[in-house]
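Coordinates from work_17.pdb are shown below (PDB, C-alpha atoms).
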ATOM      1  CA  MET A 855      20.062 -56.017  -6.929
ATOM      2  CA  ARG A 856      20.758 -53.456  -9.632
ATOM      3  CA  TYR A 857      19.332 -55.773 -12.273
ATOM      4  CA  GLY A 858      16.094 -56.162 -10.285
ATOM      5  CA  ALA A 859      15.700 -52.382  -9.984
ATOM      6  CA  PHE A 860      16.267 -52.030 -13.744
ATOM      7  CA  ILE A 861      13.476 -54.534 -14.449
ATOM      8  CA  VAL A 862      11.099 -52.675 -12.102
ATOM      9  CA  VAL A 863      11.812 -49.377 -13.900
ATOM     10  CA  LYS A 864      11.241 -50.995 -17.318
ATOM     11  CA  ALA A 865       7.992 -52.575 -16.108
ATOM     12  CA  ARG A 866       6.744 -49.201 -14.811
ATOM     13  CA  LEU A 867       7.691 -47.498 -18.063
ATOM     14  CA  LEU A 868       5.864 -50.170 -20.060
ATOM     15  CA  ALA A 869       2.786 -49.771 -17.834
ATOM     16  CA  CYS A 870       2.826 -45.989 -18.437
ATOM     17  CA  VAL A 871       3.073 -46.463 -22.205
ATOM     18  CA  ILE A 872       0.175 -48.940 -22.195
ATOM     19  CA  ALA A 873      -1.942 -46.577 -20.068
ATOM     20  CA  LEU A 874      -1.192 -43.711 -22.464
ATOM     21  CA  ILE A 875      -2.166 -45.779 -25.509
ATOM     22  CA  LEU A 876      -5.394 -46.945 -23.861
ATOM     23  CA  SER A 877      -6.349 -43.418 -22.815
ATOM     24  CA  PHE A 878      -5.709 -42.118 -26.351
ATOM     25  CA  THR A 879      -7.822 -44.913 -27.845
ATOM     26  CA  PHE A 880     -10.622 -44.183 -25.373
ATOM     27  CA  ALA A 881     -10.461 -40.436 -26.116
ATOM     28  CA  CYS A 882     -10.719 -41.088 -29.868
ATOM     29  CA  ALA A 883     -13.683 -43.401 -29.350
ATOM     30  CA  GLN A 884     -15.404 -40.825 -27.157
ATOM     31  CA  SER A 885     -14.936 -38.113 -29.785
ATOM     32  CA  PHE A 886     -16.680 -40.136 -32.516
ATOM     33  CA  GLU A 887     -19.531 -41.626 -30.495
ATOM     34  CA  GLY A 888     -22.907 -39.966 -30.736
ATOM     35  CA  ILE A 889     -25.472 -38.727 -33.199
ATOM     36  CA  TRP A 890     -24.143 -36.508 -35.982
ATOM     37  CA  GLN A 891     -26.206 -34.431 -38.402
ATOM     38  CA  GLY A 892     -25.555 -32.373 -41.482
ATOM     39  CA  ASN A 893     -26.467 -31.858 -45.123
ATOM     40  CA  ILE A 894     -25.022 -33.106 -48.378
ATOM     41  CA  THR A 895     -25.679 -31.795 -51.840
ATOM     42  CA  TYR A 896     -26.005 -34.426 -54.544
ATOM     43  CA  ALA A 897     -27.191 -33.861 -58.123
ATOM     44  CA  GLY A 898     -28.323 -30.361 -57.174
ATOM     45  CA  ALA A 899     -30.491 -31.531 -54.276
ATOM     46  CA  GLU A 900     -29.676 -30.917 -50.621
ATOM     47  CA  MET A 901     -30.369 -33.852 -48.303
ATOM     48  CA  ARG A 902     -30.302 -34.117 -44.535
ATOM     49  CA  VAL A 903     -27.955 -36.830 -43.154
ATOM     50  CA  GLU A 904     -27.970 -38.391 -39.705
ATOM     51  CA  LEU A 905     -25.140 -40.690 -38.599
ATOM     52  CA  ARG A 906     -25.228 -42.673 -35.359
ATOM     53  CA  LEU A 907     -21.913 -44.004 -34.076
ATOM     54  CA  GLU A 908     -21.552 -46.308 -31.088
ATOM     55  CA  ARG A 909     -18.638 -48.254 -29.680
ATOM     56  CA  ARG A 910     -19.365 -51.592 -27.988
ATOM     57  CA  GLY A 911     -16.119 -52.937 -26.584
ATOM     58  CA  ALA A 912     -13.650 -53.098 -29.458
ATOM     59  CA  GLU A 913     -16.295 -52.897 -32.204
ATOM     60  CA  TRP A 914     -17.884 -49.876 -33.857
ATOM     61  CA  TYR A 915     -21.558 -49.873 -34.842
ATOM     62  CA  ALA A 916     -23.118 -47.258 -37.094
ATOM     63  CA  THR A 917     -26.274 -46.448 -38.980
ATOM     64  CA  VAL A 918     -26.957 -43.662 -41.434
ATOM     65  CA  SER A 919     -30.290 -42.192 -42.402
ATOM     66  CA  LEU A 920     -31.556 -39.613 -44.834
ATOM     67  CA  PRO A 921     -34.691 -38.276 -43.113
ATOM     68  CA  GLY A 922     -37.265 -37.266 -45.681
ATOM     69  CA  VAL A 923     -35.685 -39.491 -48.361
ATOM     70  CA  LEU A 924     -35.477 -43.004 -46.877
ATOM     71  CA  PRO A 925     -37.943 -44.322 -44.305
ATOM     72  CA  GLN A 926     -35.390 -46.517 -42.486
ATOM     73  CA  SER A 927     -31.764 -46.286 -41.371
ATOM     74  CA  LEU A 928     -29.045 -48.209 -43.182
ATOM     75  CA  ASP A 929     -26.472 -50.236 -41.288
ATOM     76  CA  ILE A 930     -22.816 -49.575 -42.011
ATOM     77  CA  ASP A 931     -21.086 -52.827 -43.043
ATOM     78  CA  GLN A 932     -17.478 -52.026 -42.174
ATOM     79  CA  ILE A 933     -15.847 -49.412 -39.941
ATOM     80  CA  GLU A 934     -12.125 -48.754 -39.579
ATOM     81  CA  GLN A 935     -10.542 -46.290 -37.170
ATOM     82  CA  ALA A 936      -7.096 -44.747 -37.513
ATOM     83  CA  ASP A 937      -6.428 -42.078 -34.894
ATOM     84  CA  GLN A 938      -8.881 -39.228 -35.528
ATOM     85  CA  GLN A 939     -10.255 -40.722 -38.745
ATOM     86  CA  LEU A 940     -13.056 -43.196 -39.427
ATOM     87  CA  ILE A 941     -13.678 -44.988 -42.712
ATOM     88  CA  LEU A 942     -17.208 -46.334 -43.073
ATOM     89  CA  ARG A 943     -18.265 -48.640 -45.904
ATOM     90  CA  ALA A 944     -21.789 -49.696 -46.838
ATOM     91  CA  ALA A 945     -23.058 -51.290 -50.026
ATOM     92  CA  SER A 946     -21.191 -49.395 -52.749
ATOM     93  CA  TYR A 947     -20.316 -46.271 -50.771
ATOM     94  CA  GLU A 948     -17.345 -45.191 -48.687
ATOM     95  CA  LEU A 949     -17.431 -42.354 -46.181
ATOM     96  CA  THR A 950     -14.183 -41.017 -44.744
ATOM     97  CA  LEU A 951     -14.547 -38.761 -41.700
ATOM     98  CA  THR A 952     -12.019 -36.869 -39.626
ATOM     99  CA  TYR A 953     -12.867 -35.606 -36.149
ATOM    100  CA  ILE A 954     -12.049 -31.900 -35.801
ATOM    101  CA  GLU A 955     -11.110 -31.478 -32.162
ATOM    102  CA  GLY A 956     -12.253 -28.274 -30.512
ATOM    103  CA  ALA A 957     -14.953 -27.741 -33.141
ATOM    104  CA  ASP A 958     -16.739 -31.017 -32.282
ATOM    105  CA  ARG A 959     -17.484 -31.782 -35.900
ATOM    106  CA  LEU A 960     -16.734 -34.442 -38.482
ATOM    107  CA  GLU A 961     -15.419 -33.445 -41.901
ATOM    108  CA  GLY A 962     -14.971 -35.754 -44.805
ATOM    109  CA  ALA A 963     -16.086 -37.054 -48.151
ATOM    110  CA  LEU A 964     -18.591 -39.548 -49.468
ATOM    111  CA  ARG A 965     -17.593 -41.558 -52.524
ATOM    112  CA  ALA A 966     -19.622 -44.020 -54.542
ATOM    113  CA  GLU A 967     -17.827 -47.168 -55.652
ATOM    114  CA  ASN A 968     -16.192 -46.993 -59.093
ATOM    115  CA  THR A 969     -16.396 -43.198 -59.287
ATOM    116  CA  PRO A 970     -13.595 -40.690 -58.790
ATOM    117  CA  GLU A 971     -16.015 -38.003 -57.571
ATOM    118  CA  THR A 972     -16.433 -37.255 -53.898
ATOM    119  CA  ILE A 973     -19.174 -35.365 -52.127
ATOM    120  CA  PRO A 974     -17.935 -33.208 -49.252
ATOM    121  CA  ILE A 975     -19.680 -33.774 -45.949
ATOM    122  CA  LEU A 976     -19.700 -31.813 -42.707
ATOM    123  CA  LEU A 977     -21.478 -33.227 -39.674
ATOM    124  CA  TYR A 978     -22.112 -31.662 -36.285
ATOM    125  CA  ARG A 979     -22.926 -33.471 -33.076
ATOM    126  CA  LYS A 980     -26.709 -33.383 -32.642
ATOM    127  CA  GLY A 981     -27.624 -30.366 -30.540
ATOM    128  CA  ASN A 982     -24.437 -28.448 -31.519
ATOM    129  CA  GLU A 983     -25.524 -27.249 -34.956
TER     130      GLU A 983
END
What would the structure in this file look like if it were written as structure tokens?
Amino acid sequence: MRYGAFIVVKARLLACVIALILSFTFACAQSFEGIWQGNITYAGAEMRVELRLERRGAEWYATVSLPGVLPQSLDIDQIEQADQQLILRAASYELTLTYIEGADRLEGALRAENTPETIPILLYRKGNE
């Protein structure tokens, strides 16, 4: 009987750990989802940036636009999430963003392929600028 009780306790502990992991994953997804806006300065020119992030099941979907510069949004090819950080890759660019909890903003850097330079980026959830 003792062995059976031990198994029940282990099963409950495992269920709690799984629930905690799932809730953390959901919270991280919730923090990134939405429409984010900000400005970047490149070659002396300031440009408006809009990033749309959406989670569909286990997959992330994102588009980025530069209103006033490009007429259409660009799809992000690859998105990786590690805790409070997203890495987005499109064409020859990589954007690394970290969610700043409490401030509801994304901070990071944009880097063009084959260049050591990075462009700092700060995005705020649309409506919270």
For the interface of stretch 894-942 of chain A with stretch 952-974 of chain A (cut-off 8 Å, counting only C-alpha atoms), please tabulate each contacting residue of stretch 894-942 of chain A alongside its nearest pair of atoms and their separation in Å to one decimal, rows sorted by chain and increasing number, as CSV.
residue,atom,partner,partner_atom,distance
A:Ile894,CA,A:Pro974,CA,7.1
A:Thr895,CA,A:Ile973,CA,7.4
A:Tyr896,CA,A:Ile973,CA,7.3
A:Gln938,CA,A:Tyr953,CA,5.4
A:Gln939,CA,A:Thr952,CA,4.3
A:Leu940,CA,A:Thr952,CA,6.4
Could you write those residues out with C-alpha atoms, as an mmCIF file, in the coordinates of the input?
data_model
loop_
_atom_site.group_PDB
_atom_site.id
_atom_site.type_symbol
_atom_site.label_atom_id
_atom_site.label_comp_id
_atom_site.auth_asym_id
_atom_site.auth_seq_id
_atom_site.Cartn_x
_atom_site.Cartn_y
_atom_site.Cartn_z
ATOM 1 C CA ILE A 894 -25.022 -33.106 -48.378
ATOM 2 C CA THR A 895 -25.679 -31.795 -51.840
ATOM 3 C CA TYR A 896 -26.005 -34.426 -54.544
ATOM 4 C CA GLN A 938 -8.881 -39.228 -35.528
ATOM 5 C CA GLN A 939 -10.255 -40.722 -38.745
ATOM 6 C CA LEU A 940 -13.056 -43.196 -39.427
#
Excluding stretch 919-936 of chain A and its own-chain neighbours fewer than 2 positions away, which residues fall within 7 Å of it when counting all atoms listed in the file? Please give them as a CSV table (one decimal) with C-alpha atoms, in the coordinates of the input.
chain,number,residue,atom,x,y,z
A,901,MET,CA,-30.4,-33.9,-48.3
A,902,ARG,CA,-30.3,-34.1,-44.5
A,903,VAL,CA,-28.0,-36.8,-43.2
A,904,GLU,CA,-28.0,-38.4,-39.7
A,905,LEU,CA,-25.1,-40.7,-38.6
A,914,TRP,CA,-17.9,-49.9,-33.9
A,916,ALA,CA,-23.1,-47.3,-37.1
A,917,THR,CA,-26.3,-46.4,-39.0
A,938,GLN,CA,-8.9,-39.2,-35.5
A,939,GLN,CA,-10.3,-40.7,-38.7
A,940,LEU,CA,-13.1,-43.2,-39.4
A,941,ILE,CA,-13.7,-45.0,-42.7
A,942,LEU,CA,-17.2,-46.3,-43.1
A,943,ARG,CA,-18.3,-48.6,-45.9
A,944,ALA,CA,-21.8,-49.7,-46.8
| said: Just the number, please: distance in Å from atom CA of A:Glu908 to atom CA of A:Ser946, one decimal. | reply: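 Between atom CA of A:Glu908 and atom CA of A:Ser946 the gap is 21.9 Å.
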Please determine an axis-aligned box that encloses all atoms of stretch 884-902 of chain A listed in the file, with 3 Å added on each side, and express its centre and edge lengths in Å to one decimal as AutoDock Vina command-line options.
--center_x -22.7 --center_y -36.0 --center_z -42.6 --size_x 21.6 --size_y 17.3 --size_z 37.0
| Quick one: distance from atom CA of A:Val918 to atom CA of A:Leu949 in Å, one decimal? |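 A separation of 10.7 Å between them.
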If we count only C-alpha atoms, what is near A:Trp890 at a cut-off of 8 Å, once residues fewer than 3 positions away on the same chain are taken out, given as an mmCIF file with C-alpha atoms, keeping the file's coordinate frame?
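part34.cif, written as the output of this step:
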data_model
loop_
_atom_site.group_PDB
_atom_site.id
_atom_site.type_symbol
_atom_site.label_atom_id
_atom_site.label_comp_id
_atom_site.auth_asym_id
_atom_site.auth_seq_id
_atom_site.Cartn_x
_atom_site.Cartn_y
_atom_site.Cartn_z
ATOM 1 C CA GLU A 904 -27.970 -38.391 -39.705
ATOM 2 C CA LEU A 905 -25.140 -40.690 -38.599
ATOM 3 C CA ARG A 906 -25.228 -42.673 -35.359
ATOM 4 C CA LEU A 977 -21.478 -33.227 -39.674
ATOM 5 C CA TYR A 978 -22.112 -31.662 -36.285
ATOM 6 C CA ARG A 979 -22.926 -33.471 -33.076
ATOM 7 C CA LYS A 980 -26.709 -33.383 -32.642
#
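The space separating atom CA of A:Glu887 from atom CA of A:Glu948 comes to 18.7 Å.
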